Each structure stands twice: as C-alpha cells, then as structure tokens.
file protein-v3.tsv (TSV, C-alpha atoms)
chain	number	residue	atom	x	y	z
A	28	MET	CA	75.20	101.77	90.60
A	29	ALA	CA	75.06	100.99	86.90
A	30	ARG	CA	78.42	100.51	85.29
A	31	ASN	CA	79.20	101.50	81.74
A	32	SER	CA	82.53	100.93	80.05
A	33	THR	CA	84.58	104.11	80.31
A	34	LYS	CA	87.22	105.21	77.84
A	35	ASN	CA	90.48	105.71	79.70
A	36	PRO	CA	94.03	106.15	78.52
A	37	ASN	CA	96.24	103.19	79.26
A	38	PHE	CA	97.56	103.41	82.77
A	39	ASN	CA	100.03	101.44	84.84
A	40	ILE	CA	99.45	99.79	88.20
A	41	VAL	CA	102.13	99.50	90.86
A	42	ILE	CA	102.28	97.79	94.25
A	43	VAL	CA	105.21	97.16	96.60
A	44	GLY	CA	106.69	93.66	96.81
A	45	GLN	CA	109.27	92.67	99.38
A	46	SER	CA	110.19	89.88	101.76
A	47	GLY	CA	107.75	88.82	104.43
A	48	ARG	CA	104.00	89.33	104.37
A	49	LEU	CA	103.91	91.69	101.39
A	50	GLN	CA	105.19	89.09	98.93
A	51	TYR	CA	102.19	86.85	99.69
A	52	GLU	CA	99.75	89.75	99.60
A	53	ALA	CA	101.20	90.57	96.17
A	54	ILE	CA	100.02	87.18	94.94
A	55	LEU	CA	96.46	87.87	96.07
A	56	PHE	CA	96.55	91.28	94.41
A	57	ALA	CA	97.93	89.88	91.15
A	58	THR	CA	95.52	86.94	90.94
A	59	SER	CA	92.53	89.16	91.70
A	60	LEU	CA	93.68	91.71	89.10
A	61	ARG	CA	93.98	89.08	86.37
A	62	ASP	CA	90.72	87.37	87.38
A	63	ASN	CA	88.48	90.41	87.81
A	64	ALA	CA	89.92	93.09	85.50
A	65	PRO	CA	90.53	91.24	82.20
A	66	ASN	CA	90.20	94.48	80.22
A	67	PHE	CA	93.06	96.16	82.04
A	68	SER	CA	95.59	96.79	79.26
A	69	GLY	CA	98.37	98.63	81.07
A	70	ARG	CA	101.52	97.34	82.71
A	71	PHE	CA	101.50	95.83	86.19
A	72	PHE	CA	104.60	96.61	88.24
A	73	ILE	CA	105.80	95.14	91.51
A	74	ALA	CA	108.25	97.65	92.96
A	75	GLU	CA	111.08	96.10	94.97
A	76	PRO	CA	113.30	98.13	97.30
A	77	GLN	CA	116.92	97.19	96.74
A	78	PRO	CA	119.50	96.26	99.39
A	79	SER	CA	121.27	99.31	100.81
A	80	SER	CA	122.51	100.80	104.05
A	81	ARG	CA	118.92	101.84	104.77
A	82	TRP	CA	117.88	98.20	105.25
A	83	GLU	CA	119.15	95.81	107.92
A	84	LYS	CA	118.41	92.81	105.66
A	85	ASP	CA	117.82	92.32	101.94
A	86	PRO	CA	114.25	93.66	101.46
A	87	ARG	CA	113.62	91.98	98.11
A	88	ILE	CA	111.14	89.14	97.60
A	89	SER	CA	112.85	86.21	99.26
A	90	ASN	CA	110.69	83.26	98.14
A	91	PRO	CA	111.55	82.00	94.61
A	92	ASP	CA	108.13	80.33	94.35
A	93	VAL	CA	106.49	83.72	94.89
A	94	ARG	CA	108.64	85.36	92.23
A	95	LYS	CA	107.96	82.59	89.71
A	96	LEU	CA	104.18	82.78	90.24
A	97	LEU	CA	104.15	86.58	89.94
A	98	GLU	CA	106.08	86.34	86.68
A	99	GLU	CA	103.48	83.86	85.39
A	100	LEU	CA	100.85	86.49	86.23
A	101	ASP	CA	102.66	89.00	83.96
A	102	ALA	CA	104.01	91.16	86.75
A	103	GLU	CA	107.05	93.29	85.93
A	104	PHE	CA	109.58	93.70	88.74
A	105	LEU	CA	110.64	97.30	89.26
A	106	PRO	CA	113.78	97.85	91.36
A	107	PHE	CA	114.15	101.15	93.20
A	108	THR	CA	116.56	102.59	95.75
A	109	ASN	CA	115.64	104.19	99.05
A	110	ASN	CA	117.22	107.61	99.49
A	111	LEU	CA	114.87	109.05	102.12
A	112	PHE	CA	113.36	106.15	104.03
A	113	GLY	CA	113.83	102.38	104.26
A	114	GLN	CA	113.85	100.18	107.38
A	115	SER	CA	112.94	103.11	109.63
A	116	TYR	CA	109.80	103.94	107.64
A	117	PRO	CA	108.82	101.26	105.10
A	118	GLU	CA	105.61	103.14	104.34
A	119	GLY	CA	107.90	105.55	102.50
A	120	ASN	CA	108.40	102.95	99.77
A	121	LYS	CA	105.21	104.17	98.10
A	122	ILE	CA	106.81	107.60	97.81
A	123	GLU	CA	110.24	106.57	96.58
A	124	LEU	CA	109.13	103.94	94.06
A	125	LEU	CA	107.37	106.56	91.93
A	126	SER	CA	110.62	107.80	90.39
A	127	ALA	CA	111.27	104.32	88.96
A	128	LEU	CA	107.98	104.16	87.01
A	129	PRO	CA	107.79	105.19	83.34
A	130	LYS	CA	107.81	108.98	83.17
A	131	GLY	CA	104.74	110.68	81.72
A	132	GLU	CA	102.52	107.58	81.89
A	133	PRO	CA	99.38	107.66	84.07
A	134	PHE	CA	99.66	105.39	87.11
A	135	ILE	CA	97.71	104.06	90.05
A	136	PHE	CA	99.46	102.98	93.22
A	137	PHE	CA	97.68	100.41	95.39
A	138	ASP	CA	98.69	99.16	98.81
A	139	THR	CA	99.62	95.50	98.46
A	140	ASP	CA	96.89	94.43	100.91
A	141	THR	CA	94.21	95.15	98.30
A	142	LEU	CA	91.96	92.91	96.23
A	143	ILE	CA	90.67	93.89	92.80
A	144	THR	CA	87.01	92.90	92.83
A	145	GLY	CA	85.75	94.41	89.56
A	146	GLU	CA	86.71	95.72	86.16
A	147	LEU	CA	89.16	98.63	86.45
A	148	ALA	CA	88.34	99.70	82.89
A	149	THR	CA	84.98	101.00	84.15
A	150	VAL	CA	86.52	103.47	86.60
A	151	PRO	CA	86.24	107.07	85.27
A	152	PHE	CA	89.71	108.25	86.26
A	153	ASP	CA	90.64	111.83	85.42
A	154	PHE	CA	94.41	111.53	85.54
A	155	GLN	CA	94.75	115.31	85.32
A	156	ARG	CA	93.16	115.59	88.78
A	157	PRO	CA	94.78	113.29	91.35
A	158	SER	CA	92.95	111.77	94.26
A	159	ALA	CA	93.33	109.05	96.87
A	160	SER	CA	91.35	106.79	99.16
A	161	LEU	CA	88.64	108.30	101.34
A	162	LYS	CA	88.29	105.04	103.30
A	163	VAL	CA	90.02	106.63	106.26
A	164	GLU	CA	89.64	107.15	109.99
A	165	GLY	CA	90.73	110.22	111.94
A	166	THR	CA	94.13	108.80	112.83
A	167	TRP	CA	96.00	112.11	112.64
A	168	PRO	CA	96.41	114.65	114.18
A	169	LYS	CA	95.71	113.88	117.84
A	170	ILE	CA	94.46	117.06	119.47
A	171	GLU	CA	96.18	117.83	122.78
A	172	LEU	CA	94.59	119.77	125.64
A	173	TYR	CA	95.57	123.45	125.27
A	174	GLY	CA	97.41	122.63	122.04
A	175	PRO	CA	96.70	123.72	118.47
A	176	ASN	CA	93.36	122.65	116.99
A	177	TYR	CA	92.76	120.85	113.69
A	178	ALA	CA	92.57	124.05	111.68
A	179	GLN	CA	95.79	125.46	113.14
A	180	ILE	CA	97.70	122.22	112.55
A	181	TRP	CA	96.55	121.70	108.97
A	182	LYS	CA	96.85	125.36	108.00
A	183	SER	CA	100.45	125.41	109.26
A	184	LEU	CA	101.27	122.65	106.76
A	185	TYR	CA	99.61	124.43	103.84
A	186	ASP	CA	101.40	127.64	104.81
A	187	LYS	CA	104.74	125.83	104.94
A	188	PHE	CA	104.43	124.98	101.24
A	189	ASP	CA	102.70	128.23	100.20
A	190	LEU	CA	99.45	126.44	99.41
A	191	GLU	CA	95.97	127.92	99.58
A	192	PHE	CA	94.02	126.32	102.44
A	193	GLU	CA	90.38	127.44	102.55
A	194	SER	CA	89.18	125.62	99.44
A	195	THR	CA	90.28	122.27	100.91
A	196	LEU	CA	87.72	122.48	103.71
A	197	ASP	CA	84.51	120.47	103.61
A	198	LEU	CA	82.15	123.08	105.01
A	199	SER	CA	79.37	120.51	105.44
A	200	GLN	CA	81.35	119.05	108.35
A	201	PRO	CA	81.44	120.57	111.86
A	202	LYS	CA	84.10	123.18	112.49
A	203	ASP	CA	86.22	121.12	114.87
A	204	PHE	CA	85.69	117.69	113.27
A	205	TRP	CA	88.57	115.92	111.50
A	206	ARG	CA	86.54	115.21	108.36
A	207	ARG	CA	86.32	118.92	107.64
A	208	PHE	CA	89.97	118.79	106.59
A	209	LEU	CA	91.43	117.09	103.54
A	210	TYR	CA	92.75	113.71	104.70
A	211	PHE	CA	93.24	110.51	102.72
A	212	ASN	CA	94.23	106.94	103.29
A	213	ALA	CA	97.28	106.29	101.13
A	214	GLY	CA	95.89	102.88	100.14
A	215	PHE	CA	95.58	104.14	96.58
A	216	PHE	CA	96.43	107.31	94.69
A	217	TYR	CA	96.88	108.20	91.03
A	218	TYR	CA	98.02	110.93	88.65
A	219	ARG	CA	99.12	111.57	85.09
A	220	CYS	CA	102.86	111.26	85.80
A	221	PRO	CA	104.58	109.33	88.61
A	222	HIS	CA	107.72	111.48	88.45
A	223	GLU	CA	105.87	114.75	88.87
A	224	PHE	CA	103.81	113.30	91.72
A	225	GLY	CA	106.78	111.50	93.27
A	226	VAL	CA	109.16	114.46	93.36
A	227	ARG	CA	106.58	116.59	95.13
A	228	TYR	CA	105.58	113.79	97.50
A	229	ALA	CA	109.21	113.18	98.47
A	230	ASP	CA	109.89	116.91	98.90
A	231	TYR	CA	106.85	117.45	101.11
A	232	ALA	CA	107.29	114.29	103.21
A	233	GLY	CA	111.00	114.94	103.73
A	234	ALA	CA	110.43	118.57	104.70
A	235	ILE	CA	107.68	117.67	107.17
A	236	ARG	CA	109.85	114.99	108.75
A	237	ASP	CA	112.99	117.12	108.97
A	238	ASP	CA	111.51	120.57	109.68
A	239	PRO	CA	107.90	120.37	110.88
A	240	PRO	CA	105.89	123.53	111.56
A	241	GLU	CA	105.73	124.62	115.17
A	242	ALA	CA	102.07	123.52	115.39
A	243	LEU	CA	103.22	119.91	114.88
A	244	MET	CA	105.75	119.87	117.70
A	245	CYS	CA	103.53	117.73	119.97
A	246	GLN	CA	102.34	115.48	117.14
A	247	LYS	CA	103.60	111.97	116.46
A	248	MET	CA	104.24	111.78	112.72
A	249	MET	CA	105.07	108.09	112.29
A	250	PRO	CA	103.53	106.00	110.83
A	251	TRP	CA	101.23	108.66	109.34
A	252	LEU	CA	103.79	110.76	107.48
A	253	ASP	CA	102.65	109.48	104.07
A	254	GLN	CA	99.07	110.46	104.89
A	255	ILE	CA	100.07	113.86	106.29
A	256	ALA	CA	101.90	114.82	103.09
A	257	LEU	CA	99.45	113.21	100.64
A	258	PRO	CA	96.59	115.78	100.79
A	259	LEU	CA	99.11	118.59	100.32
A	260	VAL	CA	100.49	116.92	97.20
A	261	ILE	CA	97.06	116.21	95.76
A	262	HIS	CA	95.81	119.75	96.42
A	263	SER	CA	98.95	121.31	94.95
A	264	LEU	CA	98.43	119.32	91.72
A	265	GLY	CA	94.80	120.37	91.32
A	266	GLY	CA	93.11	117.30	92.77
A	267	GLY	CA	90.86	116.71	95.74
A	268	ARG	CA	88.30	114.56	97.49
A	269	ASP	CA	85.74	114.99	94.67
A	270	ALA	CA	88.02	114.00	91.77
A	271	LEU	CA	86.76	110.40	91.61
A	272	PRO	CA	83.04	109.53	91.82
A	273	PRO	CA	82.14	107.24	94.71
A	274	GLY	CA	81.22	103.61	94.25
A	275	TYR	CA	84.28	102.37	92.38
A	276	LEU	CA	87.55	102.05	94.31
A	277	ASP	CA	87.13	100.93	97.91
A	278	ASP	CA	83.70	99.73	96.82
A	279	GLU	CA	82.69	97.70	93.75
A	280	VAL	CA	86.07	97.56	92.02
A	281	SER	CA	88.64	97.25	94.82
A	282	CYS	CA	88.90	96.43	98.52
A	283	HIS	CA	91.73	97.61	100.76
A	284	TYR	CA	91.28	94.90	103.37
A	285	ARG	CA	94.35	95.73	105.51
A	286	SER	CA	94.58	92.25	107.07
A	287	LEU	CA	92.79	88.94	106.54
A	288	PRO	CA	91.15	88.96	110.00
A	289	LEU	CA	89.66	92.40	109.23
A	290	LEU	CA	88.60	91.21	105.77
A	291	TYR	CA	86.67	88.27	107.18
A	292	ALA	CA	85.22	90.36	110.01
A	293	ARG	CA	83.82	93.29	108.06
A	294	GLU	CA	83.99	93.02	104.28
A	295	SER	CA	81.15	91.93	101.99
A	296	ASN	CA	80.35	88.39	100.94
A	297	ARG	CA	81.54	89.39	97.47
A	298	VAL	CA	85.04	90.22	98.76
A	299	ILE	CA	85.29	86.89	100.58
A	300	GLU	CA	84.11	85.12	97.44
A	301	VAL	CA	86.86	86.85	95.42
A	302	LEU	CA	89.53	86.03	98.02
A	303	GLU	CA	88.66	82.35	98.16
A	304	LYS	CA	88.21	81.99	94.41
A	305	VAL	CA	91.55	83.55	93.44
A	306	SER	CA	93.43	81.60	96.13
A	307	ALA	CA	91.88	78.23	95.20
A	308	PRO	CA	93.92	77.14	92.13
A	309	ASN	CA	96.56	74.64	93.16
A	310	ARG	CA	99.50	76.66	91.81
A	311	VAL	CA	98.36	79.62	93.94
A	312	LYS	CA	97.34	77.65	97.01
A	313	ARG	CA	100.66	75.82	97.09
A	314	VAL	CA	102.55	79.11	97.47
A	315	LEU	CA	100.12	80.93	99.77
A	316	LYS	CA	100.12	78.03	102.25
A	317	GLN	CA	103.81	78.69	102.84
A	318	TYR	CA	102.76	81.78	104.83
A	319	ASP	CA	101.20	80.63	108.09
A	320	PRO	CA	98.60	83.40	108.60
A	321	PHE	CA	97.25	82.83	105.08
A	322	LYS	CA	97.24	79.06	105.55
A	323	ARG	CA	95.26	79.33	108.77
A	324	MET	CA	92.84	82.10	107.76
A	325	ILE	CA	92.00	81.03	104.20
A	326	PHE	CA	92.60	77.28	104.05
A	327	GLN	CA	92.08	76.07	107.62
A	328	GLY	CA	88.84	77.93	108.36
A	329	ARG	CA	89.91	80.56	110.87
A	330	GLY	CA	88.63	83.28	108.58
A	331	HIS	CA	85.06	82.01	108.78
A	332	LYS	CA	85.37	81.54	112.55
A	333	THR	CA	86.41	85.19	112.73
A	334	ARG	CA	83.43	86.24	110.62
A	335	ALA	CA	81.06	84.35	112.91
A	336	LEU	CA	82.09	86.67	115.77
A	337	PHE	CA	80.38	89.66	114.13
A	338	ASP	CA	76.99	90.69	112.87
A	339	GLN	CA	77.92	92.23	109.50
A	340	SER	CA	74.75	94.36	109.53
A	341	PHE	CA	75.73	95.90	112.87
A	342	LEU	CA	79.51	96.22	112.94
A	343	PRO	CA	81.31	98.44	115.46
A	344	ARG	CA	82.03	101.84	113.94
A	345	ARG	CA	85.63	101.95	115.16
A	346	GLU	CA	88.17	99.56	113.66
A	347	GLN	CA	90.00	99.25	116.99
A	348	VAL	CA	86.90	97.66	118.56
A	349	ILE	CA	86.84	95.03	115.81
A	350	ARG	CA	90.56	94.36	116.23
A	351	ASN	CA	90.22	93.97	120.00
A	352	LYS	CA	87.43	91.40	119.67
A	353	ILE	CA	89.43	89.39	117.12
A	354	ARG	CA	92.48	89.42	119.40
A	355	LYS	CA	90.42	88.45	122.45
A	356	ASN	CA	89.23	85.36	120.59
A	357	GLY	CA	92.73	84.41	119.44
A	358	PHE	CA	92.20	84.96	115.72
A	359	TRP	CA	94.44	87.99	115.07
A	360	MET	CA	97.28	87.15	112.73
A	361	ARG	CA	99.04	89.07	109.99
call {"tool": "encode", "arguments": {"input": "protein-v3.tsv", "output": "structure tokens"}}
result
Amino acid sequence: MARNSTKNPNFNIVIVGQSGRLQYEAILFATSLRDNAPNFSGRFFIAEPQPSSRWEKDPRISNPDVRKLLEELDAEFLPFTNNLFGQSYPEGNKIELLSALPKGEPFIFFDTDTLITGELATVPFDFQRPSASLKVEGTWPKIELYGPNYAQIWKSLYDKFDLEFESTLDLSQPKDFWRRFLYFNAGFFYYRCPHEFGVRYADYAGAIRDDPPEALMCQKMMPWLDQIALPLVIHSLGGGRDALPPGYLDDEVSCHYRSLPLLYARESNRVIEVLEKVSAPNRVKRVLKQYDPFKRMIFQGRGHKTRALFDQSFLPRREQVIRNKIRKNGFWMR
C-alpha cells in the first residue's frame, strides 16, 4: 500500500509502565517509536499506577536504569491512581490512566508489548470516530450448551446501556459466528479526548463487572472485561470497525507482538529487524539484558531457535497451537 504523508492534529501516545516485565517492554516501545516515527510531534506518556491499597506491592517502575533510559528517550511519566481495579485486574490500568492524560487532546493508547515499525504521521486517524485493534481472536464469549447465543449475549450488553445494536453487526459474517459482532483487541484505541473516553469506559466496565446482564451469568469476564466494554464505548461515541483504514496499525506501522516467543514465531522479518535494531545500542542492550527473558530471546539466540520451529508461510491459524509448540520445545518465556 502506498503511503502518503497525512495531515493530523498533534496527538499524544500513552502506554503503561510498571515494575516487572512491562518496564522492559516500555523500553522497546520507546526506542522503536523514536527510531521509526521521527515525525511524531506529540507527547509520549508512560502511565504509572501509584502505590495504594489496591496493590500488594509498589507497582511503579522499580529499576532506576529503566527510568533513566526512558527519560533520555523523552518519555513523560504520568502518575495515576487506581479507584476501580489494581492488583486484581491490572488490565484495568488502560481504563483508569485515561483520566490523567491532558483533557481535550487526541490520544492513542498502545499496549506496552507493541513495536512501532513505521511512521505514525502517515496514519489517517479520524479522532472524532474512535476505533481499536481488529487483530483479535474469538476469546469471548464462550457459548455454553443450552445457554444464550452470541446475539443474545451481546444484545444484552447494548440494552444495558441503552445502545442501538443492529448497526454494529457485520452482516457479511455467518449468523452464529463471533466475527459478526463488534469485538476488538484492546491493544490500541484512540479518540479525541481521553477524559470523555475514559469516563465512559470506566462506567461501562464497572457496571458490567458489578451488575452483569442475566445473559452473562455463565460467562467468565476476567481477563476480558476491557475487551467486553470496549466495543460498547466505541459504538456509543460514534466509532466502529471501519473507522481506520486497514494496513497501518497492526500492519505496516505497528506490531502488537504480545510476547517475544510469539514475535519470533509468527511476525514478519521486518518486525524482527526492528526489534533487533532498536535493542542493539549498548545503552539499550545493557538495560534490557537485566531482564532474563529478553536476554535469552534477543541476545542469546533463543528467538531465532523459536522461529526455526515454524514455517512462516504456513503458520497454525490458532495462537494456542503456536504457544503449545513453543512450550513443548522449552522456549516459552515472558
């Protein structure tokens, strides 16, 4: 696909940074952003949950070398407080951090396990119409024998929030197939105002958790709560699956790799090239090697051994099959 520079308003980028794996993933995100999107002119925030009764331990970035390197990469640390979630559901950080971002300024949230592989300034965002990642599998709901079907489950959620349902359906998909219904991966999402989006996201997610419709009574909602509420939020704000043309995010401009073993197993040669290029400078390598899975996968060759297990032109369709083969061969680490 040909890429022409697209005029966009300035927008901010935010990821979550906290102790453990995410602080090292944040380095890969930041280095890939600075290396591959030099025309990005907005602010880059790393949102840090603050210590509170909702966390057993201090969740903030614990490694001073990580913090120093991220500051050198012009990241701005954004503290926020968990009022709804925390230790019990860390995925909820992406919901609660939104209220700490600058009000009224367009934003894009990315999961921290993402690489920027191209120029973000070329992406034709319409910040009036929100959208999110369509790189998703049918993880929720799980249809039970004699229980409600997909339509009954999803419609009960739209009804709960007085939202119109029919226009969300993809009528090109079979009637009882999960892709017929609006469902996103929460690996990225965007809108014109983080506060407007965040208030609604928190309201919907909290209400679903605390008072689910009867059709959800047999459904497990964790860890998918963020992805259950997300399509409702996007639809209520006038967005949808067609708001962003294909070929940009989750394609030429970004890669939500999820874990390094999955990255090496299934992503393109270009993604691996980006990963190894941005992690190669000594000041970056020195910090990344402090995290054992990154040291082994990137710098000690286990990533390429993982890749050799698969024919990239004939990958299994289901992610779980890929994961199982990696585990069987002793290369799963995260």
call {"tool": "closest_residue", "arguments": {"input": "protein-v3.tsv", "among": "A:Val93, A:Leu336, A:Ala292, A:Leu128", "to": "Lys316 in chain A", "atoms": "all atoms listed in the file"}}
result
A:Val93
call {"tool": "closest_residue", "arguments": {"input": "protein-v3.tsv", "among": "A:Lys202, A:His283, A:Pro175, A:Phe136", "to": "Met244 in chain A", "atoms": "all atoms listed in the file"}}
result
A:Pro175
call {"tool": "residues_around", "arguments": {"input": "protein-v3.tsv", "residues": "Leu147 in chain A", "least_positions_apart": "6", "cutoff": "8 Å", "atoms": "only C-alpha atoms", "output": "VMD selection string"}}
result
chain A and resid 64 66 to 67 280
call {"tool": "atom_distance", "arguments": {"input": "protein-v3.tsv", "atom1": "CA of Val41 in chain A", "atom2": "CA of Phe134 in chain A"}}
result
7.4 Å
call {"tool": "residues_around", "arguments": {"input": "protein-v3.tsv", "residues": "range 337-345 of chain A", "least_positions_apart": "6", "cutoff": "12 Å", "atoms": "only C-alpha atoms", "output": "list in words"}}
result
Val163, Glu164, Gly165, Thr166, Pro288, Leu289, Leu290, Tyr291, Ala292, Arg293, Glu294, Ser295, Asn296, Gly330, His331, Asn351, Lys352, Ile353 and Asn356 of chain A
call {"tool": "closest_atom_pairs", "arguments": {"input": "protein-v3.tsv", "of": "range 259-314 of chain A", "to": "range 185-188 of chain A", "cutoff": "10 Å", "atoms": "all atoms listed in the file", "output": "tab-separated table"}}
result
residue	atom	partner	partner_atom	distance
A:Leu259	CA	A:Tyr185	CA	6.8
A:Val260	CA	A:Phe188	CA	9.8
A:His262	CA	A:Tyr185	CA	9.6
A:Ser263	CA	A:Phe188	CA	9.1
call {"tool": "build_atoms", "arguments": {"input": "protein-v3.tsv", "residues": "range 320-331 of chain A", "atoms": "all heavy atoms", "output": "CSV table (one decimal), in the coordinates of the input"}}
result
chain,number,residue,atom,x,y,z
A,320,PRO,N,99.9,82.7,108.4
A,320,PRO,CA,98.6,83.4,108.6
A,320,PRO,C,97.6,83.2,107.4
A,320,PRO,O,96.4,83.0,107.7
A,320,PRO,CB,99.0,84.9,108.7
A,320,PRO,CG,100.4,84.8,109.2
A,320,PRO,CD,101.0,83.7,108.6
A,321,PHE,N,98.1,83.1,106.2
A,321,PHE,CA,97.2,82.8,105.1
A,321,PHE,C,96.8,81.4,105.1
A,321,PHE,O,95.6,81.1,104.8
A,321,PHE,CB,98.0,83.1,103.8
A,321,PHE,CG,98.0,84.6,103.4
A,321,PHE,CD1,97.9,85.5,104.4
A,321,PHE,CD2,98.3,84.9,102.1
A,321,PHE,CE1,98.0,86.9,104.0
A,321,PHE,CE2,98.3,86.3,101.7
A,321,PHE,CZ,98.2,87.3,102.7
A,322,LYS,N,97.6,80.5,105.5
A,322,LYS,CA,97.2,79.1,105.6
A,322,LYS,C,96.1,78.9,106.6
A,322,LYS,O,95.1,78.2,106.3
A,322,LYS,CB,98.4,78.2,105.9
A,322,LYS,CG,98.1,76.7,106.1
A,322,LYS,CD,99.3,75.9,106.4
A,322,LYS,CE,99.9,76.1,107.8
A,322,LYS,NZ,101.0,75.2,108.1
A,323,ARG,N,96.3,79.5,107.7
A,323,ARG,CA,95.3,79.3,108.8
A,323,ARG,C,93.9,80.1,108.5
A,323,ARG,O,92.9,79.5,108.7
A,323,ARG,CB,95.8,79.8,110.1
A,323,ARG,CG,97.0,78.9,110.6
A,323,ARG,CD,97.5,79.3,111.9
A,323,ARG,NE,98.7,78.5,112.3
A,323,ARG,CZ,98.6,77.3,112.8
A,323,ARG,NH1,97.4,76.8,113.1
A,323,ARG,NH2,99.7,76.7,113.2
A,324,MET,N,94.1,81.3,108.0
A,324,MET,CA,92.8,82.1,107.8
A,324,MET,C,92.0,81.6,106.6
A,324,MET,O,90.8,81.5,106.6
A,324,MET,CB,93.2,83.6,107.6
A,324,MET,CG,93.8,84.3,108.8
A,324,MET,SD,92.7,84.3,110.3
A,324,MET,CE,91.3,85.3,109.7
A,325,ILE,N,92.7,81.4,105.4
A,325,ILE,CA,92.0,81.0,104.2
A,325,ILE,C,91.7,79.5,104.1
A,325,ILE,O,90.6,79.1,103.8
A,325,ILE,CB,92.8,81.5,103.0
A,325,ILE,CG1,93.1,83.0,103.0
A,325,ILE,CG2,92.1,81.1,101.7
A,325,ILE,CD1,94.1,83.4,101.9
A,326,PHE,N,92.7,78.7,104.4
A,326,PHE,CA,92.6,77.3,104.0
A,326,PHE,C,92.2,76.4,105.2
A,326,PHE,O,91.8,75.3,105.0
A,326,PHE,CB,93.9,76.8,103.4
A,326,PHE,CG,94.3,77.6,102.2
A,326,PHE,CD1,95.4,78.4,102.2
A,326,PHE,CD2,93.6,77.6,101.0
A,326,PHE,CE1,95.8,79.2,101.1
A,326,PHE,CE2,93.9,78.3,99.9
A,326,PHE,CZ,95.1,79.1,100.0
A,327,GLN,N,92.4,76.9,106.4
A,327,GLN,CA,92.1,76.1,107.6
A,327,GLN,C,90.9,76.6,108.4
A,327,GLN,O,90.6,76.1,109.5
A,327,GLN,CB,93.3,76.0,108.5
A,327,GLN,CG,94.5,75.2,107.9
A,327,GLN,CD,95.6,75.0,108.9
A,327,GLN,OE1,95.7,75.6,109.9
A,327,GLN,NE2,96.6,74.2,108.5
A,328,GLY,N,90.1,77.6,107.8
A,328,GLY,CA,88.8,77.9,108.4
A,328,GLY,C,88.8,79.0,109.4
A,328,GLY,O,87.7,79.4,109.9
A,329,ARG,N,90.0,79.5,109.8
A,329,ARG,CA,89.9,80.6,110.9
A,329,ARG,C,89.2,81.8,110.4
A,329,ARG,O,88.7,82.6,111.2
A,329,ARG,CB,91.3,80.8,111.4
A,329,ARG,CG,91.9,79.7,112.2
A,329,ARG,CD,93.1,80.1,113.0
A,329,ARG,NE,93.7,79.0,113.7
A,329,ARG,CZ,94.7,79.1,114.6
A,329,ARG,NH1,95.2,80.3,114.9
A,329,ARG,NH2,95.2,78.1,115.2
A,330,GLY,N,89.3,82.1,109.1
A,330,GLY,CA,88.6,83.3,108.6
A,330,GLY,C,87.1,83.2,108.8
A,330,GLY,O,86.5,84.2,109.3
A,331,HIS,N,86.5,82.1,108.6
A,331,HIS,CA,85.1,82.0,108.8
A,331,HIS,C,84.7,82.0,110.3
A,331,HIS,O,83.6,82.5,110.7
A,331,HIS,CB,84.5,80.8,108.0
A,331,HIS,CG,84.5,81.0,106.6
A,331,HIS,ND1,83.5,81.7,105.9
A,331,HIS,CD2,85.3,80.6,105.6
A,331,HIS,CE1,83.7,81.7,104.6
A,331,HIS,NE2,84.8,81.1,104.4
